[in-house]
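Here the structure comes first, spelled out in C-alpha cells, and everything after it is commentary.
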Amino acid sequence: MNILPSKMIHTKHSLRVRYGETDPMKYVYYGNYAQYFEIARVELFRSIGMSYNEIENQGIWLPVSDYKIKYLRPALYDQKLEIHTYVKKIPGVKIEFEYEIYNEDGIKITEAYTTLFFLDAKTNKIIKCPDYLVKLIEENWVE
C-alpha cells in the first residue's frame, strides 16, 4: 500500500503513442519510456513557473543518475496516455521524480522513478538545488 506524503507536486501530461515509437507488435518500445518521462519532467518544471531551458540558462544541468521502471501492461500504438509526475521531497543536491502512466481506459500500465542531480555547468560539480528553484517548488507544494 502506497501512503502518499501530505504535500507534494503532482502534474499530469497527456500524449498519443506514435507509430514510430512502437515495435512490430505495436507495443511502445521499452527505450521510448525514458523520453516520455523527460517530457513529463519538463512539463512539471514549466507548470511551476520555470522551464528546463531557463534552469540550463542559469548554469545548472540535471543529469539522470538513477532510473527504475516497472512495466505492468503494454502501451499500444495510437493510445492516448496520461503521465502523472510527482515530486514528494524538497530537493537537496538531487531531485526525485515518480511517474505513473495510465492508458485511455484509466488503467495504470507503468510505474517509474528517476533521480537527477544538480550540476554546476561550469565546474561540473554537484551543487545544492538553487534557492530560486526550491522557492518555486515550495510555492507549488499542495496537500
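Residue numbering restarts at 1 for every chain of the C-alpha cells, chains are lettered A, B, ... in their displayed order, and ligands are numbered from 1 as they appear.
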Problem - Neighbour list for range 128-140 of chain A as a PyMOL selection string, cut-off 7 Å, only C-alpha atoms, skip fewer than 5 positions in-chain - result: chain A and resi 9+48+91-93+118
Closest contacts (range 84-111 of chain A/range 14-28 of chain A, max 10 Å, only C-alpha atoms) as JSON lines:
{"residue": "A:His84", "atom": "CA", "partner": "A:Ser14", "partner_atom": "CA", "distance": 8.9}
{"residue": "A:Ile101", "atom": "CA", "partner": "A:Ser14", "partner_atom": "CA", "distance": 9.4}
{"residue": "A:Tyr102", "atom": "CA", "partner": "A:Ser14", "partner_atom": "CA", "distance": 9.5}
{"residue": "A:Asn103", "atom": "CA", "partner": "A:Ser14", "partner_atom": "CA", "distance": 9.8}
{"residue": "A:Glu104", "atom": "CA", "partner": "A:Arg16", "partner_atom": "CA", "distance": 9.7}
Practice task
For Thr85 in chain A, work out the shell of residues within 9 Å, counting only C-alpha atoms and skipping chain neighbours fewer than 5 positions away, then give it as a list in words.
Solution key: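 Result of the neighbour search: Ile9, His10, Thr11, Lys12, His13, Phe37, Ala40, Arg41, Leu44, Phe97, Glu98, Tyr99, Glu100 and Ile101 of chain A.
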Preceding selection exported with all heavy atoms as a CSV table (one decimal), in the first residue's frame:
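Contents of selection-v9.csv, as written:
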chain,number,residue,atom,x,y,z
A,9,ILE,N,4.2,17.9,-5.2
A,9,ILE,CA,3.8,18.4,-6.5
A,9,ILE,C,3.4,17.3,-7.4
A,9,ILE,O,4.0,16.2,-7.4
A,9,ILE,CB,5.0,19.2,-7.2
A,9,ILE,CG1,5.4,20.4,-6.4
A,9,ILE,CG2,4.7,19.5,-8.7
A,9,ILE,CD1,6.6,21.1,-7.0
A,10,HIS,N,2.2,17.4,-8.0
A,10,HIS,CA,1.7,16.4,-8.9
A,10,HIS,C,1.2,17.0,-10.2
A,10,HIS,O,0.4,18.0,-10.1
A,10,HIS,CB,0.5,15.7,-8.2
A,10,HIS,CG,-0.3,14.7,-9.0
A,10,HIS,ND1,-1.6,14.6,-8.9
A,10,HIS,CD2,0.1,13.9,-10.1
A,10,HIS,CE1,-2.0,13.7,-9.8
A,10,HIS,NE2,-1.0,13.3,-10.5
A,11,THR,N,1.7,16.6,-11.3
A,11,THR,CA,1.2,17.1,-12.6
A,11,THR,C,0.8,16.0,-13.5
A,11,THR,O,1.2,14.8,-13.2
A,11,THR,CB,2.3,17.9,-13.3
A,11,THR,OG1,3.5,17.1,-13.5
A,11,THR,CG2,2.7,19.2,-12.5
A,12,LYS,N,0.0,16.3,-14.5
A,12,LYS,CA,-0.4,15.3,-15.5
A,12,LYS,C,-0.1,15.8,-16.9
A,12,LYS,O,-0.2,17.1,-17.1
A,12,LYS,CB,-1.9,15.1,-15.4
A,12,LYS,CG,-2.4,14.6,-14.1
A,12,LYS,CD,-3.9,14.5,-14.1
A,12,LYS,CE,-4.5,14.2,-12.7
A,12,LYS,NZ,-5.9,14.3,-12.7
A,13,HIS,N,0.4,15.0,-17.7
A,13,HIS,CA,0.6,15.3,-19.1
A,13,HIS,C,0.2,14.2,-20.0
A,13,HIS,O,0.4,13.0,-19.7
A,13,HIS,CB,2.1,15.6,-19.3
A,13,HIS,CG,2.5,16.0,-20.7
A,13,HIS,ND1,2.2,17.3,-21.2
A,13,HIS,CD2,3.0,15.3,-21.8
A,13,HIS,CE1,2.5,17.3,-22.5
A,13,HIS,NE2,3.1,16.2,-22.8
A,37,PHE,N,9.1,10.2,-19.9
A,37,PHE,CA,9.4,10.7,-18.6
A,37,PHE,C,10.1,12.1,-18.6
A,37,PHE,O,9.8,13.0,-17.8
A,37,PHE,CB,10.1,9.7,-17.7
A,37,PHE,CG,9.4,8.4,-17.5
A,37,PHE,CD1,10.0,7.2,-17.7
A,37,PHE,CD2,8.0,8.4,-17.3
A,37,PHE,CE1,9.3,6.0,-17.6
A,37,PHE,CE2,7.3,7.2,-17.2
A,37,PHE,CZ,7.9,6.0,-17.3
A,40,ALA,N,7.5,14.6,-19.4
A,40,ALA,CA,6.7,14.9,-18.1
A,40,ALA,C,7.5,15.7,-17.2
A,40,ALA,O,6.9,16.7,-16.5
A,40,ALA,CB,6.3,13.5,-17.5
A,41,ARG,N,8.8,15.5,-17.0
A,41,ARG,CA,9.6,16.4,-16.1
A,41,ARG,C,9.7,17.8,-16.6
A,41,ARG,O,9.5,18.7,-15.8
A,41,ARG,CB,11.1,15.8,-16.0
A,41,ARG,CG,11.3,14.7,-15.1
A,41,ARG,CD,12.7,14.5,-14.8
A,41,ARG,NE,13.6,14.4,-16.0
A,41,ARG,CZ,13.8,13.2,-16.7
A,41,ARG,NH1,13.2,12.1,-16.3
A,41,ARG,NH2,14.7,13.2,-17.7
A,44,LEU,N,6.5,19.4,-15.8
A,44,LEU,CA,6.3,19.7,-14.4
A,44,LEU,C,7.0,21.0,-14.1
A,44,LEU,O,6.5,21.9,-13.5
A,44,LEU,CB,6.9,18.6,-13.6
A,44,LEU,CG,6.7,18.8,-12.1
A,44,LEU,CD1,6.4,17.5,-11.4
A,44,LEU,CD2,8.0,19.4,-11.4
A,97,PHE,N,11.9,12.1,-8.9
A,97,PHE,CA,10.6,12.1,-9.6
A,97,PHE,C,10.0,10.7,-9.6
A,97,PHE,O,10.7,9.7,-9.8
A,97,PHE,CB,10.7,12.5,-11.1
A,97,PHE,CG,11.2,13.9,-11.2
A,97,PHE,CD1,12.6,14.2,-11.3
A,97,PHE,CD2,10.3,15.0,-11.3
A,97,PHE,CE1,13.0,15.5,-11.5
A,97,PHE,CE2,10.8,16.3,-11.5
A,97,PHE,CZ,12.1,16.5,-11.6
A,98,GLU,N,8.7,10.6,-9.4
A,98,GLU,CA,7.9,9.4,-9.5
A,98,GLU,C,6.9,9.5,-10.6
A,98,GLU,O,6.4,10.6,-10.8
A,98,GLU,CB,7.2,9.0,-8.2
A,98,GLU,CG,8.2,8.7,-7.1
A,98,GLU,CD,7.5,8.3,-5.8
A,98,GLU,OE1,6.3,7.8,-5.9
A,98,GLU,OE2,8.0,8.6,-4.7
A,99,TYR,N,6.7,8.5,-11.4
A,99,TYR,CA,5.8,8.6,-12.5
A,99,TYR,C,4.8,7.4,-12.5
A,99,TYR,O,5.2,6.3,-12.1
A,99,TYR,CB,6.5,8.5,-13.8
A,99,TYR,CG,7.8,9.3,-13.9
A,99,TYR,CD1,9.0,8.9,-13.5
A,99,TYR,CD2,7.7,10.6,-14.5
A,99,TYR,CE1,10.1,9.7,-13.6
A,99,TYR,CE2,8.8,11.4,-14.6
A,99,TYR,CZ,10.0,10.9,-14.1
A,99,TYR,OH,11.1,11.7,-14.2
A,100,GLU,N,3.6,7.6,-13.0
A,100,GLU,CA,2.6,6.6,-13.3
A,100,GLU,C,2.1,6.9,-14.7
A,100,GLU,O,1.7,8.1,-14.9
A,100,GLU,CB,1.5,6.6,-12.3
A,100,GLU,CG,2.0,6.2,-10.9
A,100,GLU,CD,0.9,6.4,-9.8
A,100,GLU,OE1,-0.1,7.1,-10.1
A,100,GLU,OE2,1.0,5.8,-8.7
A,101,ILE,N,2.0,5.9,-15.5
A,101,ILE,CA,1.3,6.1,-16.8
A,101,ILE,C,0.1,5.3,-16.8
A,101,ILE,O,0.0,4.1,-16.5
A,101,ILE,CB,2.3,5.6,-18.0
A,101,ILE,CG1,3.6,6.4,-18.0
A,101,ILE,CG2,1.5,5.8,-19.3
A,101,ILE,CD1,4.5,6.0,-19.1
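Comparing A:Tyr30, A:Gly49, A:Glu143, A:Lys88 by their smallest distance to Lys70 in chain A, the closest is A:Tyr30 (using only C-alpha atoms).
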Within chain A, find each residue whose DSSP state, derived from the backbone, is helix (DSSP H, G or I), and express the selection as a PDB file with C-alpha atoms, in the first residue's frame.
ATOM      1  CA  TYR A  19       3.721   4.605 -34.813  1.00  0.00           C
ATOM      2  CA  GLY A  20       7.480   5.212 -34.859  1.00  0.00           C
ATOM      3  CA  GLU A  21       7.609   4.670 -31.074  1.00  0.00           C
ATOM      4  CA  TYR A  30      10.792  -0.004 -23.959  1.00  0.00           C
ATOM      5  CA  GLY A  31      13.528   2.563 -24.672  1.00  0.00           C
ATOM      6  CA  ASN A  32      10.941   5.235 -25.523  1.00  0.00           C
ATOM      7  CA  TYR A  33       9.585   5.414 -21.990  1.00  0.00           C
ATOM      8  CA  ALA A  34      12.631   7.447 -20.886  1.00  0.00           C
ATOM      9  CA  GLN A  35      11.624  10.122 -23.424  1.00  0.00           C
ATOM     10  CA  TYR A  36       8.057  10.112 -22.100  1.00  0.00           C
ATOM     11  CA  PHE A  37       9.370  10.740 -18.573  1.00  0.00           C
ATOM     12  CA  GLU A  38      11.661  13.511 -19.785  1.00  0.00           C
ATOM     13  CA  ILE A  39       8.668  15.217 -21.416  1.00  0.00           C
ATOM     14  CA  ALA A  40       6.734  14.865 -18.149  1.00  0.00           C
ATOM     15  CA  ARG A  41       9.619  16.362 -16.094  1.00  0.00           C
ATOM     16  CA  VAL A  42       9.971  19.309 -18.472  1.00  0.00           C
ATOM     17  CA  GLU A  43       6.233  19.970 -18.239  1.00  0.00           C
ATOM     18  CA  LEU A  44       6.322  19.723 -14.426  1.00  0.00           C
ATOM     19  CA  PHE A  45       9.008  22.431 -14.278  1.00  0.00           C
ATOM     20  CA  ARG A  46       7.066  24.557 -16.763  1.00  0.00           C
ATOM     21  CA  SER A  47       3.894  24.183 -14.658  1.00  0.00           C
ATOM     22  CA  TYR A  52      14.036  23.438 -18.194  1.00  0.00           C
ATOM     23  CA  ASN A  53      15.729  25.803 -20.631  1.00  0.00           C
ATOM     24  CA  GLU A  54      15.703  28.597 -18.015  1.00  0.00           C
ATOM     25  CA  ILE A  55      17.335  26.262 -15.483  1.00  0.00           C
ATOM     26  CA  GLU A  56      20.084  25.439 -18.002  1.00  0.00           C
ATOM     27  CA  ASN A  57      20.483  29.144 -18.828  1.00  0.00           C
ATOM     28  CA  ASP A 131      17.214  28.718  -3.766  1.00  0.00           C
ATOM     29  CA  TYR A 132      15.046  30.167  -6.556  1.00  0.00           C
ATOM     30  CA  LEU A 133      14.030  26.658  -7.609  1.00  0.00           C
ATOM     31  CA  VAL A 134      13.414  25.477  -4.032  1.00  0.00           C
ATOM     32  CA  LYS A 135      11.193  28.542  -3.573  1.00  0.00           C
ATOM     33  CA  LEU A 136       9.166  27.698  -6.711  1.00  0.00           C
ATOM     34  CA  ILE A 137       8.770  24.097  -5.589  1.00  0.00           C
ATOM     35  CA  GLU A 138       7.633  25.159  -2.114  1.00  0.00           C
ATOM     36  CA  GLU A 139       5.183  27.677  -3.583  1.00  0.00           C
TER      37      GLU A 139
END
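CA of Val142 in chain A is positioned 25.3 Å from CA of Lys68 in chain A.
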Handout entry: All strand (DSSP E or B) positions in chain A, as a ChimeraX atom specification
Key = /A:8-16,22,27-28,60-61,64-71,76,80-87,94-102,108-117,119-120,126,142
